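Trainee: Please find one structure pasted underneath; my questions will follow.
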Amino acid sequence: MLARDTSLPPLPAEGAASKPARGNESYIALVWRRLKRSWTGMAGLWLVVLLLVMAVFAEFLAPMDPKATDVGFAPPQMPVFHDKDGNFVARPRVYALADSADLDPVTFQPIVDPDYDNPRLLGFFVEGAPYRLFGLIPANRHLFGSLDGQPVHFLGTDKFGRDVLSRAIQGSRVSLIIALTVVFIITIIGTTVGMVSGYFGGRFDVWMQRFVELVLAFPQLPLYLALTTLIPVTAPTNVFLAFVIIVMSALGWAQMSREVRGKTLALAQIEYVRAAMAVGATDRRIIMQHIFPNVMSHVIVAVTLAIPTVVLLESFLGFLGFAVKPPLISWGLMLQDTATYSVIGTYPWILSPVGFVLVTVFAFNALGDGLRDAVDPY
């Protein structure tokens with residue numbers, strides 16, 4: 001008969017670093033480690049961070065005043081590293097635009113050509129149009145632009161001569177504010193309705209789901225157009241913006257509630273939830289302590305996937321003229337200039353806001369896909 005080995009395992013050497021067992025990692029650490037393995041998820045995360053920074057510091061990042069006018073429909077000015085004779089120079093520069101005596105045979109507007117006799121040197125942290133950072137701090141420094149403060153149009157100008165790049169950077173603030181606010185509201189309403197309806201069940205659940213189905217049955221696009229026309233054009237911009245957010249939120253929470261209700265119905269049958277019911281825990285404690293934390297992983301993923309949907313919807317409504325109104329700036333409002341094919345064919349650079357929309361949609365979708373795999377690390 002073999003004797004049982006009762007000896008203890010050897011102790012680690014003194015001073016040796018002991019690695020914590022991965023089984024003792026927190027849930028957030030497990031999700032983060034899983035997310036870092038997804039290059040698309042990390043790319044989406046960094047892009048989302050850059051988009052939020054751009055929206056917060058829009059005045060500082062925009063090289064020009066988005067309302068200042070110059071030459072209408074001027075082409076983009078690309079930075080170059082050569083002078084008018086073709087010799088290499090170390091400091092990047094652009095060449096000013098000047099109207100020539102010739103007219104475009106299609107639009108009958110003056111043809112804009114580079115003025116090689118007036119180069120504009122570029123730099124970082126240059127002085128430019130004055131603004132108020134966060135609406136409070138007066139400043140006139142911009143991240144990049146011309147050293148002499150002269151107009152520079154890296155993505156060209158629109159029909160009124162306004163800088164497209166500066167307007168796109170400034171428009172990111174309105175577009176992302178609408179998207180984040182709408183998603184926050186529909187998440188609060190949808191999560192609350194879904195958990196309560198799925199947990200209590202019975203007749204309350206039946207009537208609540210009939211109401212949810214009624215909201216989902218509405219043809220959303222005609223309803224959006226009808227509701228946004230109710231507010232007068234002369235209303236203040238803040239009122240119009242708030243009304244657009246309310247309309248989008250009122251029609252967007254139903255799908256979130258259906259998804260959360262399905263998760264709640266499954267969680268209500270798990271042993272620890274039934275045990276909490278058996279020991280007399282209150283409904284509020286069961287919902288907040290047992291069901292809500294387990295629903296959050298699904299809600300976080302749903303939020304990251306809902307934001308690009310709202311961004312696309314706002315861009316579409318803005319293109320039709322039913323979203324924000326001037327003097328506010330949004331990506332959808334900027335795309336109104338692309339309504340005719342002749343304008344797009346002659347001035348293709350006015351499609352630049354589409355690139356910002358595509359990057360935003362890709363960023364949040366990539367982050368959502370990465371989180372969808374990471375929230376279930378086991």
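Every chain in the structure tokens has a letter given in the order shown (A, B, ...), and although residue numbers restart at 1 in each chain, ligands are simply numbered from 1 in the order shown.
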Among segment 56-169 of chain A, which ones does DSSP place in alpha helix (DSSP H), written as number ranges by chain?

Mentor: A: 56, 58-61, 164-169

Trainee: Of the candidates A:Ala323, A:Val71, A:Gly201, A:Trp207, which one gets nearest to Ala226 of chain A if we count only C-alpha atoms?

Mentor: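 For Ala226 of chain A, the nearest of the given residues is A:Ala323.
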
Trainee: Got a sec to tell me which of segment 100-293 of chain A DSSP assigns to strand (DSSP E or B), as a count of residues only?

Mentor: 40

Trainee: At what distance in Å, to one decimal, does atom CA of Gly198 of chain A lie from atom CA of Thr264 of chain A?

Mentor: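 According to the coordinates, atom CA of Thr264 of chain A and atom CA of Gly198 of chain A are separated by 5.3 Å.
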
Trainee: Looking at only C-alpha atoms, which of A:Ile169, A:Ile287, A:Tyr224, A:Asp373 is the one that sits closest to Val357 of chain A?

Mentor: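 Going through A:Ile169, A:Ile287, A:Tyr224, A:Asp373 one by one, the smallest distance to Val357 of chain A is for A:Ile169.
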
Trainee: Nearest to Thr157 of chain A among A:Ala68, A:Gln336, A:Val31, A:Ala366, with distances taken over only C-alpha atoms: which residue is it?

Mentor: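 Closest to Thr157 of chain A of all the choices is A:Ala68.
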
Trainee: Can you write out as CSV which residues of segment 307-366 of chain A fall within 7 Å of segment 174-185 of chain A, alongside each residue's closest atom pair and its distance in Å to one decimal, counting only C-alpha atoms and ordering rows by chain and ascending residue number?

Mentor:
```
residue,atom,partner,partner_atom,distance
A:Ile307,CA,A:Ala179,CA,5.7
A:Val310,CA,A:Ala179,CA,5.4
A:Val311,CA,A:Ala179,CA,5.7
A:Ile329,CA,A:Val174,CA,6.7
A:Ser330,CA,A:Ser175,CA,5.5
A:Trp331,CA,A:Ser175,CA,6.7
```

Trainee: Can you write out the residues you just picked, keeping C-alpha atoms, as a compact mmCIF listing (two decimals), in the first residue's frame?

Mentor:
```
# COMPACT_ATOMS: atom_id res chain seq x y z
CA ILE A 307 -24.82 55.02 -31.77
CA VAL A 310 -28.47 57.31 -34.78
CA VAL A 311 -25.54 59.05 -36.53
CA ILE A 329 -23.60 72.70 -37.99
CA SER A 330 -23.91 68.94 -38.41
CA TRP A 331 -22.64 66.42 -40.93
```

Trainee: Could you check how far atom CA of Met248 of chain A sits from atom CA of Pro326 of chain A, in Å to one decimal?

Mentor: 19.5 Å

Trainee: So, counting only C-alpha atoms, which residue among A:Leu143, A:Leu165, A:Ile188, A:Met42 is closest to Val299 of chain A?

Mentor: A:Ile188

Trainee: Identify which of the residues A:Phe81, A:Phe154, A:Phe57, A:Phe144 lies closest to Pro119 of chain A, counting only C-alpha atoms when measuring atom-to-atom distances.

Mentor: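 Under the stated criterion, the closest residue is A:Phe81.
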
Trainee: Identify which of the residues A:Pro66, A:Pro114, A:Gly370, A:Gly190 lies closest to Leu328 of chain A, counting only C-alpha atoms when measuring atom-to-atom distances.

Mentor: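 Result for the nearest residue to Leu328 of chain A: A:Pro66.
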
Trainee: By how many Å are atom CA of Ala43 of chain A and atom CA of Thr309 of chain A apart?

Mentor: 19.1 Å

Trainee: With only C-alpha atoms as the counted atoms, please give the residues lying no more than 12 Å from Ala302 of chain A, apart from itself and same-chain residues fewer than 4 positions off, as a short mmCIF file (atom, residue, chain, number, x, y, z; two decimals) with N, CA and C atoms, in the first residue's frame.

Mentor:
```cif
data_model
loop_
_atom_site.label_atom_id
_atom_site.label_comp_id
_atom_site.auth_asym_id
_atom_site.auth_seq_id
_atom_site.Cartn_x
_atom_site.Cartn_y
_atom_site.Cartn_z
N VAL A 183 -29.07 57.92 -27.54
CA VAL A 183 -28.79 56.57 -27.09
C VAL A 183 -28.86 56.48 -25.57
N PHE A 184 -28.43 57.51 -24.85
CA PHE A 184 -28.54 57.50 -23.39
C PHE A 184 -30.01 57.42 -22.96
N ILE A 186 -32.70 56.34 -24.75
CA ILE A 186 -33.35 55.08 -25.11
C ILE A 186 -32.79 53.92 -24.29
N THR A 187 -31.53 54.04 -23.83
CA THR A 187 -30.98 52.99 -22.97
C THR A 187 -31.65 53.00 -21.61
N GLY A 190 -35.44 51.96 -22.32
CA GLY A 190 -35.53 50.58 -22.80
C GLY A 190 -35.10 49.56 -21.77
N THR A 191 -34.02 49.85 -21.03
CA THR A 191 -33.56 48.92 -20.01
C THR A 191 -34.56 48.81 -18.86
N TRP A 253 -36.62 53.56 -28.26
CA TRP A 253 -36.40 52.77 -27.05
C TRP A 253 -37.04 51.39 -27.12
N GLN A 255 -37.04 48.84 -29.30
CA GLN A 255 -36.21 47.69 -29.67
C GLN A 255 -35.27 47.30 -28.53
N MET A 256 -34.72 48.30 -27.84
CA MET A 256 -33.87 48.01 -26.69
C MET A 256 -34.64 47.28 -25.60
N SER A 257 -35.88 47.68 -25.36
CA SER A 257 -36.67 47.04 -24.31
C SER A 257 -36.98 45.58 -24.65
N ARG A 258 -37.20 45.28 -25.91
CA ARG A 258 -37.46 43.89 -26.29
C ARG A 258 -36.25 43.01 -26.04
N GLU A 259 -35.07 43.52 -26.35
CA GLU A 259 -33.84 42.74 -26.13
C GLU A 259 -33.59 42.52 -24.64
N VAL A 260 -33.76 43.57 -23.83
CA VAL A 260 -33.54 43.44 -22.39
C VAL A 260 -34.59 42.52 -21.77
N VAL A 295 -27.48 42.02 -17.04
CA VAL A 295 -28.02 42.58 -18.29
C VAL A 295 -27.07 43.63 -18.86
N MET A 296 -26.23 44.23 -18.02
CA MET A 296 -25.40 45.35 -18.44
C MET A 296 -24.46 44.98 -19.58
N SER A 297 -23.92 43.77 -19.60
CA SER A 297 -23.00 43.40 -20.67
C SER A 297 -23.70 43.48 -22.02
N HIS A 298 -24.92 43.01 -22.09
CA HIS A 298 -25.67 43.10 -23.34
C HIS A 298 -26.03 44.55 -23.66
N ALA A 306 -25.87 50.97 -31.33
CA ALA A 306 -26.98 51.88 -31.61
C ALA A 306 -26.49 53.28 -31.97
N ILE A 307 -25.33 53.67 -31.48
CA ILE A 307 -24.82 55.02 -31.77
C ILE A 307 -24.63 55.25 -33.27
N PRO A 308 -23.95 54.35 -34.01
CA PRO A 308 -23.84 54.60 -35.45
C PRO A 308 -25.17 54.64 -36.18
N THR A 309 -26.16 53.91 -35.69
CA THR A 309 -27.49 53.96 -36.30
C THR A 309 -28.09 55.36 -36.16
N PHE A 364 -17.59 52.87 -33.96
CA PHE A 364 -18.52 52.33 -32.96
C PHE A 364 -18.91 50.89 -33.29
N ASN A 365 -19.04 50.56 -34.57
CA ASN A 365 -19.34 49.16 -34.92
C ASN A 365 -18.18 48.23 -34.57
N LEU A 367 -15.90 48.77 -32.25
CA LEU A 367 -15.86 48.66 -30.79
C LEU A 367 -16.97 47.75 -30.28
N GLY A 368 -18.14 47.85 -30.87
CA GLY A 368 -19.24 46.97 -30.45
C GLY A 368 -18.97 45.51 -30.74
N ASP A 369 -18.37 45.21 -31.90
CA ASP A 369 -18.03 43.82 -32.21
C ASP A 369 -16.98 43.28 -31.25
N LEU A 371 -16.43 44.36 -28.13
CA LEU A 371 -17.05 44.18 -26.82
C LEU A 371 -17.98 42.98 -26.79
N ARG A 372 -18.64 42.69 -27.91
CA ARG A 372 -19.56 41.56 -27.93
C ARG A 372 -18.83 40.26 -27.65
N VAL A 375 -17.24 40.61 -23.58
CA VAL A 375 -18.07 40.63 -22.37
C VAL A 375 -18.38 39.23 -21.85
#
```
